[in-house]
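K.L.:
For reference, the file protein22.txt (compact mmCIF, N, CA and C atoms) is included below:
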# COMPACT_ATOMS: atom_id res chain seq x y z
N GLN B 1 19.26 12.29 -30.67
CA GLN B 1 18.69 13.43 -29.98
C GLN B 1 17.59 12.96 -29.04
N VAL B 2 17.63 13.51 -27.82
CA VAL B 2 16.63 13.15 -26.83
C VAL B 2 15.41 14.03 -27.07
N PRO B 3 14.24 13.42 -27.29
CA PRO B 3 13.06 14.23 -27.62
C PRO B 3 12.48 14.98 -26.43
N LEU B 4 12.76 14.53 -25.21
CA LEU B 4 12.22 15.17 -24.02
C LEU B 4 13.36 15.53 -23.08
N VAL B 5 13.34 16.74 -22.55
CA VAL B 5 14.40 17.19 -21.65
C VAL B 5 13.78 17.85 -20.43
N GLU B 6 14.01 17.25 -19.25
CA GLU B 6 13.47 17.80 -18.02
C GLU B 6 14.43 18.80 -17.40
N SER B 7 13.85 19.72 -16.63
CA SER B 7 14.65 20.65 -15.84
C SER B 7 13.82 21.10 -14.64
N GLY B 8 14.49 21.69 -13.65
CA GLY B 8 13.77 22.28 -12.53
C GLY B 8 13.77 21.49 -11.24
N GLY B 9 14.41 20.34 -11.22
CA GLY B 9 14.48 19.60 -9.97
C GLY B 9 15.40 20.27 -8.98
N GLY B 10 15.49 19.68 -7.80
CA GLY B 10 16.36 20.24 -6.78
C GLY B 10 16.00 19.74 -5.40
N SER B 11 16.51 20.43 -4.39
CA SER B 11 16.25 20.05 -3.01
C SER B 11 15.41 21.12 -2.33
N VAL B 12 14.48 20.67 -1.51
CA VAL B 12 13.58 21.60 -0.83
C VAL B 12 13.16 20.97 0.49
N GLN B 13 12.77 21.81 1.43
CA GLN B 13 12.26 21.29 2.69
C GLN B 13 10.79 20.93 2.55
N ALA B 14 10.34 20.05 3.42
CA ALA B 14 8.94 19.65 3.41
C ALA B 14 8.04 20.89 3.51
N GLY B 15 6.98 20.88 2.70
CA GLY B 15 6.08 22.02 2.64
C GLY B 15 6.43 23.01 1.55
N GLY B 16 7.60 22.85 0.96
CA GLY B 16 8.04 23.74 -0.10
C GLY B 16 7.49 23.36 -1.46
N SER B 17 7.93 24.10 -2.47
CA SER B 17 7.44 23.91 -3.84
C SER B 17 8.59 23.82 -4.83
N LEU B 18 8.35 23.09 -5.89
CA LEU B 18 9.26 23.03 -7.03
C LEU B 18 8.42 22.97 -8.29
N ARG B 19 9.00 23.42 -9.39
CA ARG B 19 8.31 23.33 -10.68
C ARG B 19 9.23 22.64 -11.67
N LEU B 20 8.79 21.53 -12.20
CA LEU B 20 9.52 20.81 -13.22
C LEU B 20 9.04 21.25 -14.60
N SER B 21 9.98 21.31 -15.53
CA SER B 21 9.66 21.63 -16.91
C SER B 21 10.15 20.52 -17.81
N CYS B 22 9.47 20.33 -18.91
CA CYS B 22 9.86 19.31 -19.88
C CYS B 22 9.71 19.93 -21.27
N ALA B 23 10.82 20.02 -21.97
CA ALA B 23 10.79 20.54 -23.33
C ALA B 23 10.30 19.44 -24.27
N THR B 24 9.22 19.70 -24.97
CA THR B 24 8.57 18.67 -25.79
C THR B 24 8.53 19.03 -27.26
N SER B 25 9.30 20.01 -27.67
CA SER B 25 9.16 20.54 -29.03
C SER B 25 9.49 19.51 -30.10
N ARG B 26 10.26 18.47 -29.74
CA ARG B 26 10.61 17.45 -30.75
C ARG B 26 9.50 16.41 -30.92
N ILE B 27 8.46 16.49 -30.08
CA ILE B 27 7.32 15.59 -30.22
C ILE B 27 6.33 16.27 -31.15
N SER B 28 6.10 15.67 -32.34
CA SER B 28 5.31 16.35 -33.36
C SER B 28 3.88 15.83 -33.45
N TYR B 29 3.51 14.87 -32.63
CA TYR B 29 2.16 14.34 -32.71
C TYR B 29 1.13 15.37 -32.28
N THR B 30 -0.02 15.36 -32.88
CA THR B 30 -1.14 16.16 -32.42
C THR B 30 -1.87 15.44 -31.30
N TYR B 31 -2.07 14.15 -31.49
CA TYR B 31 -2.74 13.33 -30.49
C TYR B 31 -1.65 12.66 -29.66
N VAL B 32 -1.36 13.24 -28.51
CA VAL B 32 -0.27 12.75 -27.68
C VAL B 32 -0.66 12.81 -26.21
N CYS B 33 -0.28 11.78 -25.50
CA CYS B 33 -0.48 11.70 -24.06
C CYS B 33 0.87 12.00 -23.41
N MET B 34 0.89 13.02 -22.55
CA MET B 34 2.11 13.42 -21.86
C MET B 34 1.98 13.04 -20.39
N GLY B 35 3.06 12.57 -19.82
CA GLY B 35 2.98 12.17 -18.42
C GLY B 35 4.23 12.49 -17.63
N TRP B 36 4.04 12.58 -16.33
CA TRP B 36 5.14 12.67 -15.37
C TRP B 36 5.12 11.39 -14.54
N PHE B 37 6.28 10.77 -14.43
CA PHE B 37 6.45 9.57 -13.62
C PHE B 37 7.58 9.82 -12.64
N ARG B 38 7.64 9.01 -11.61
CA ARG B 38 8.75 9.13 -10.66
C ARG B 38 9.19 7.76 -10.19
N GLN B 39 10.45 7.69 -9.79
CA GLN B 39 10.99 6.43 -9.27
C GLN B 39 11.96 6.75 -8.14
N ALA B 40 11.66 6.23 -6.98
CA ALA B 40 12.54 6.36 -5.83
C ALA B 40 13.42 5.11 -5.74
N PRO B 41 14.58 5.20 -5.12
CA PRO B 41 15.47 4.04 -5.01
C PRO B 41 14.77 2.85 -4.38
N GLY B 42 14.88 1.70 -5.03
CA GLY B 42 14.29 0.49 -4.52
C GLY B 42 12.80 0.35 -4.74
N LYS B 43 12.21 1.32 -5.45
CA LYS B 43 10.77 1.28 -5.69
C LYS B 43 10.49 1.24 -7.19
N GLU B 44 9.28 0.79 -7.52
CA GLU B 44 8.90 0.76 -8.92
C GLU B 44 8.55 2.16 -9.42
N ARG B 45 8.67 2.34 -10.73
CA ARG B 45 8.28 3.61 -11.32
C ARG B 45 6.76 3.76 -11.21
N GLU B 46 6.32 4.94 -10.83
CA GLU B 46 4.89 5.18 -10.68
C GLU B 46 4.46 6.42 -11.44
N GLY B 47 3.22 6.39 -11.91
CA GLY B 47 2.67 7.55 -12.58
C GLY B 47 2.27 8.62 -11.58
N VAL B 48 2.56 9.85 -11.90
CA VAL B 48 2.23 10.97 -11.02
C VAL B 48 1.07 11.76 -11.60
N ALA B 49 1.19 12.13 -12.86
CA ALA B 49 0.14 12.92 -13.52
C ALA B 49 0.30 12.74 -15.02
N ARG B 50 -0.79 12.90 -15.73
CA ARG B 50 -0.74 12.83 -17.19
C ARG B 50 -1.76 13.78 -17.79
N MET B 51 -1.51 14.12 -19.05
CA MET B 51 -2.37 15.06 -19.76
C MET B 51 -2.51 14.64 -21.21
N PHE B 52 -3.75 14.69 -21.72
CA PHE B 52 -3.97 14.51 -23.14
C PHE B 52 -3.80 15.88 -23.76
N ALA B 53 -2.72 16.07 -24.51
CA ALA B 53 -2.27 17.40 -24.89
C ALA B 53 -3.30 18.18 -25.70
N LEU B 54 -4.06 17.49 -26.56
CA LEU B 54 -4.99 18.20 -27.45
C LEU B 54 -6.07 18.94 -26.67
N THR B 55 -6.58 18.31 -25.61
CA THR B 55 -7.69 18.90 -24.87
C THR B 55 -7.27 19.49 -23.53
N GLY B 56 -6.09 19.09 -23.04
CA GLY B 56 -5.65 19.55 -21.73
C GLY B 56 -6.26 18.76 -20.59
N SER B 57 -6.97 17.68 -20.88
CA SER B 57 -7.56 16.85 -19.83
C SER B 57 -6.46 16.17 -19.03
N THR B 58 -6.66 16.09 -17.73
CA THR B 58 -5.60 15.61 -16.84
C THR B 58 -6.06 14.47 -15.94
N LEU B 59 -5.07 13.78 -15.40
CA LEU B 59 -5.31 12.68 -14.46
C LEU B 59 -4.17 12.68 -13.47
N TYR B 60 -4.49 12.49 -12.18
CA TYR B 60 -3.47 12.52 -11.13
C TYR B 60 -3.51 11.26 -10.29
N ALA B 61 -2.35 10.88 -9.80
CA ALA B 61 -2.30 9.82 -8.78
C ALA B 61 -2.91 10.36 -7.50
N ASP B 62 -3.54 9.47 -6.74
CA ASP B 62 -4.18 9.89 -5.49
C ASP B 62 -3.18 10.55 -4.54
N SER B 63 -1.95 10.08 -4.57
CA SER B 63 -0.95 10.56 -3.62
C SER B 63 -0.56 12.02 -3.85
N VAL B 64 -0.88 12.56 -5.03
CA VAL B 64 -0.47 13.94 -5.33
C VAL B 64 -1.64 14.88 -5.62
N LYS B 65 -2.86 14.34 -5.62
CA LYS B 65 -4.03 15.17 -5.90
C LYS B 65 -4.12 16.34 -4.93
N GLY B 66 -4.37 17.51 -5.47
CA GLY B 66 -4.48 18.70 -4.64
C GLY B 66 -3.15 19.36 -4.34
N ARG B 67 -2.05 18.69 -4.65
CA ARG B 67 -0.72 19.26 -4.38
C ARG B 67 0.06 19.52 -5.66
N PHE B 68 -0.11 18.64 -6.65
CA PHE B 68 0.62 18.76 -7.91
C PHE B 68 -0.33 19.21 -9.02
N THR B 69 0.20 19.98 -9.97
CA THR B 69 -0.58 20.42 -11.12
C THR B 69 0.24 20.23 -12.39
N ILE B 70 -0.32 19.48 -13.34
CA ILE B 70 0.32 19.31 -14.64
C ILE B 70 -0.29 20.34 -15.60
N SER B 71 0.56 20.94 -16.43
CA SER B 71 0.07 21.94 -17.37
C SER B 71 1.00 21.99 -18.57
N GLN B 72 0.59 22.70 -19.59
CA GLN B 72 1.41 22.89 -20.78
C GLN B 72 1.34 24.34 -21.21
N ASP B 73 2.34 24.79 -21.95
CA ASP B 73 2.28 26.16 -22.45
C ASP B 73 1.35 26.21 -23.66
N LYS B 74 1.00 27.40 -24.08
CA LYS B 74 -0.03 27.55 -25.12
C LYS B 74 0.43 26.99 -26.46
N ASP B 75 1.73 26.94 -26.68
CA ASP B 75 2.26 26.39 -27.93
C ASP B 75 2.46 24.87 -27.86
N LYS B 76 2.15 24.29 -26.69
CA LYS B 76 2.30 22.85 -26.49
C LYS B 76 3.74 22.39 -26.75
N GLU B 77 4.69 23.24 -26.39
CA GLU B 77 6.09 22.86 -26.54
C GLU B 77 6.77 22.61 -25.21
N LYS B 78 6.06 22.91 -24.11
CA LYS B 78 6.60 22.64 -22.79
C LYS B 78 5.52 22.06 -21.89
N LEU B 79 5.92 21.09 -21.11
CA LEU B 79 5.04 20.48 -20.12
C LEU B 79 5.60 20.82 -18.75
N PHE B 80 4.70 21.12 -17.81
CA PHE B 80 5.13 21.52 -16.49
C PHE B 80 4.52 20.60 -15.42
N LEU B 81 5.19 20.52 -14.30
CA LEU B 81 4.62 19.88 -13.12
C LEU B 81 4.91 20.81 -11.94
N GLN B 82 3.88 21.49 -11.49
CA GLN B 82 3.99 22.34 -10.31
C GLN B 82 3.74 21.48 -9.08
N MET B 83 4.70 21.43 -8.19
CA MET B 83 4.61 20.57 -7.01
C MET B 83 4.62 21.46 -5.77
N ASP B 84 3.52 21.46 -5.06
CA ASP B 84 3.37 22.26 -3.85
C ASP B 84 3.19 21.35 -2.64
N ASN B 85 3.44 21.92 -1.47
CA ASN B 85 3.31 21.16 -0.21
C ASN B 85 4.04 19.82 -0.32
N LEU B 86 5.27 19.88 -0.75
CA LEU B 86 6.06 18.66 -0.96
C LEU B 86 6.31 17.93 0.34
N LYS B 87 6.35 16.61 0.24
CA LYS B 87 6.59 15.74 1.38
C LYS B 87 7.85 14.92 1.13
N PRO B 88 8.49 14.45 2.20
CA PRO B 88 9.70 13.63 2.00
C PRO B 88 9.45 12.42 1.09
N GLU B 89 8.25 11.86 1.14
CA GLU B 89 7.94 10.70 0.30
C GLU B 89 7.81 11.06 -1.18
N ASP B 90 7.83 12.34 -1.52
CA ASP B 90 7.84 12.75 -2.92
C ASP B 90 9.24 12.71 -3.52
N SER B 91 10.25 12.48 -2.69
CA SER B 91 11.63 12.42 -3.17
C SER B 91 11.78 11.28 -4.17
N ALA B 92 12.30 11.59 -5.35
CA ALA B 92 12.45 10.59 -6.41
C ALA B 92 13.09 11.25 -7.63
N MET B 93 13.44 10.41 -8.59
CA MET B 93 13.80 10.90 -9.91
C MET B 93 12.50 11.04 -10.69
N TYR B 94 12.27 12.21 -11.25
CA TYR B 94 11.05 12.48 -12.00
C TYR B 94 11.34 12.48 -13.49
N TYR B 95 10.48 11.78 -14.22
CA TYR B 95 10.65 11.63 -15.66
C TYR B 95 9.44 12.18 -16.40
N CYS B 96 9.72 12.82 -17.51
CA CYS B 96 8.69 13.25 -18.45
C CYS B 96 8.61 12.18 -19.54
N ALA B 97 7.40 11.88 -19.99
CA ALA B 97 7.23 10.84 -21.00
C ALA B 97 6.09 11.21 -21.94
N ALA B 98 6.11 10.60 -23.12
CA ALA B 98 5.08 10.88 -24.12
C ALA B 98 4.80 9.65 -24.96
N VAL B 99 3.56 9.55 -25.43
CA VAL B 99 3.17 8.49 -26.34
C VAL B 99 2.03 9.00 -27.21
N ALA B 100 2.04 8.60 -28.47
CA ALA B 100 0.91 8.94 -29.34
C ALA B 100 -0.34 8.26 -28.79
N SER B 101 -1.43 9.02 -28.71
CA SER B 101 -2.64 8.49 -28.08
C SER B 101 -3.85 9.11 -28.75
N SER B 102 -4.83 8.29 -29.08
CA SER B 102 -5.95 8.77 -29.90
C SER B 102 -6.99 9.59 -29.15
N SER B 103 -7.03 9.45 -27.82
CA SER B 103 -8.05 10.16 -27.05
C SER B 103 -7.66 10.23 -25.59
N TYR B 104 -8.38 11.04 -24.82
CA TYR B 104 -8.12 11.13 -23.39
C TYR B 104 -8.39 9.80 -22.70
N SER B 105 -9.45 9.12 -23.13
CA SER B 105 -9.76 7.84 -22.48
C SER B 105 -8.64 6.84 -22.69
N VAL B 106 -8.02 6.84 -23.88
CA VAL B 106 -6.88 5.96 -24.13
C VAL B 106 -5.69 6.42 -23.31
N CYS B 107 -5.49 7.72 -23.23
CA CYS B 107 -4.38 8.29 -22.46
C CYS B 107 -4.45 7.84 -21.00
N GLN B 108 -5.68 7.83 -20.45
CA GLN B 108 -5.87 7.42 -19.06
C GLN B 108 -5.39 6.00 -18.81
N GLU B 109 -5.53 5.14 -19.82
CA GLU B 109 -5.26 3.72 -19.65
C GLU B 109 -3.84 3.32 -20.03
N GLU B 110 -3.04 4.24 -20.56
CA GLU B 110 -1.69 3.88 -21.00
C GLU B 110 -0.84 3.46 -19.80
N ALA B 111 -0.23 2.29 -19.89
CA ALA B 111 0.74 1.87 -18.88
C ALA B 111 2.06 2.58 -19.13
N PHE B 112 2.90 2.66 -18.10
CA PHE B 112 4.15 3.41 -18.30
C PHE B 112 5.01 2.73 -19.37
N SER B 113 4.86 1.43 -19.53
CA SER B 113 5.62 0.71 -20.56
C SER B 113 5.16 1.08 -21.96
N ASP B 114 3.98 1.69 -22.08
CA ASP B 114 3.49 2.10 -23.39
C ASP B 114 4.09 3.43 -23.86
N PHE B 115 4.61 4.20 -22.92
CA PHE B 115 5.16 5.51 -23.28
C PHE B 115 6.45 5.32 -24.07
N ALA B 116 6.47 5.89 -25.28
CA ALA B 116 7.55 5.63 -26.23
C ALA B 116 8.75 6.55 -26.03
N TYR B 117 8.51 7.74 -25.50
CA TYR B 117 9.58 8.73 -25.39
C TYR B 117 9.74 9.13 -23.93
N TRP B 118 11.01 9.19 -23.49
CA TRP B 118 11.32 9.50 -22.10
C TRP B 118 12.46 10.51 -22.04
N GLY B 119 12.40 11.36 -21.03
CA GLY B 119 13.55 12.19 -20.73
C GLY B 119 14.51 11.43 -19.83
N LYS B 120 15.62 12.08 -19.50
CA LYS B 120 16.64 11.42 -18.67
C LYS B 120 16.36 11.56 -17.18
N GLY B 121 15.42 12.39 -16.82
CA GLY B 121 15.02 12.51 -15.43
C GLY B 121 15.58 13.73 -14.74
N SER B 122 14.88 14.15 -13.69
CA SER B 122 15.30 15.28 -12.88
C SER B 122 15.05 14.91 -11.41
N GLN B 123 16.10 15.06 -10.60
CA GLN B 123 16.02 14.61 -9.20
C GLN B 123 15.29 15.64 -8.34
N VAL B 124 14.37 15.14 -7.53
CA VAL B 124 13.67 15.95 -6.53
C VAL B 124 13.94 15.33 -5.16
N THR B 125 14.45 16.14 -4.25
CA THR B 125 14.74 15.67 -2.89
C THR B 125 14.03 16.59 -1.90
N VAL B 126 13.23 15.99 -1.04
CA VAL B 126 12.47 16.74 -0.04
C VAL B 126 12.93 16.30 1.34
N SER B 127 13.43 17.24 2.11
CA SER B 127 13.92 16.91 3.45
C SER B 127 12.88 17.29 4.50
N SER B 128 12.88 16.53 5.57
CA SER B 128 11.89 16.77 6.64
C SER B 128 12.38 17.81 7.63
Please lay out the structure from this file as structure tokens.
P.N.:
Amino acid sequence: QVPLVESGGGSVQAGGSLRLSCATSRISYTYVCMGWFRQAPGKEREGVARMFALTGSTLYADSVKGRFTISQDKDKEKLFLQMDNLKPEDSAMYYCAAVASSSYSVCQEEAFSDFAYWGKGSQVTVSS
């Protein structure tokens, strides 16, 4: 069973919006760092945004600050990525990921290789 399942990707024109969802109900940790990553063809996987689920503290890549918002539902069973003012360079496969993490400061420092659970990805395509 896949513990994380993304949905909500698609195609949009530049300047448009999309909202990604990640079902996280199979992740039972209380202290967990949740993240969104993306990978475009021929490029390395990069972190987009992350959240320490217990406190809701967040961290964003510079490239998406002010445009993307990571959030969770009140039951902490779904993680969201609201993407506004999308640009063609945002086109990529987007992945939801999770790792047990003792604090927000530790969550901030987790490398993508440290994330233990991954979804299968959701494609986002932004046309100019």
K.L.:
Give me, please, the distance in Å between atom CA of B:Thr55 and atom C of B:Met83, quoted to one decimal.
P.N.:
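About the pair atom CA of B:Thr55 and atom C of B:Met83: they are 22.9 Å apart.
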K.L.:
So, with all atoms listed in the file as the atoms that count, which of B:Phe112, B:Val99, B:Ser122, B:Leu18 lies closest to B:Gly47?
P.N.:
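Under the stated criterion, the closest residue is B:Phe112.
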K.L.:
Taking the DSSP assignment computed from this structure's backbone, write out as a count of residues only all residues of chain B that belong to alpha helix (DSSP H).
P.N.:
6
K.L.:
Distance atom N of B:Gly119-atom N of B:Gln72, one decimal place?
P.N.:
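Value for the atom N of B:Gly119-atom N of B:Gln72 distance: 16.4 Å.
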K.L.:
So, with only N, CA and C atoms as the atoms that count, which of B:Ser25, B:Ser71, B:Thr30, B:Ser91 lies closest to B:Thr125?
P.N.:
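Answer, going by the shortest atom-to-atom distance: B:Ser91.
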K.L.:
From a backbone DSSP assignment, name each residue in chain B labelled strand (DSSP E), as a PyMOL selection string.
P.N.:
chain B and resi 5-7+10-13+18-23+32-39+46-52+57-60+68-72+78-83+92-100+117-118+122-127
K.L.:
Find the residues near B:Tyr29: any atom within 7 Å, counting all atoms listed in the file, skip ones fewer than 3 places away on the same chain, and give them as a list in words.
P.N.:
Arg26, Val32 and Ala100 of chain B
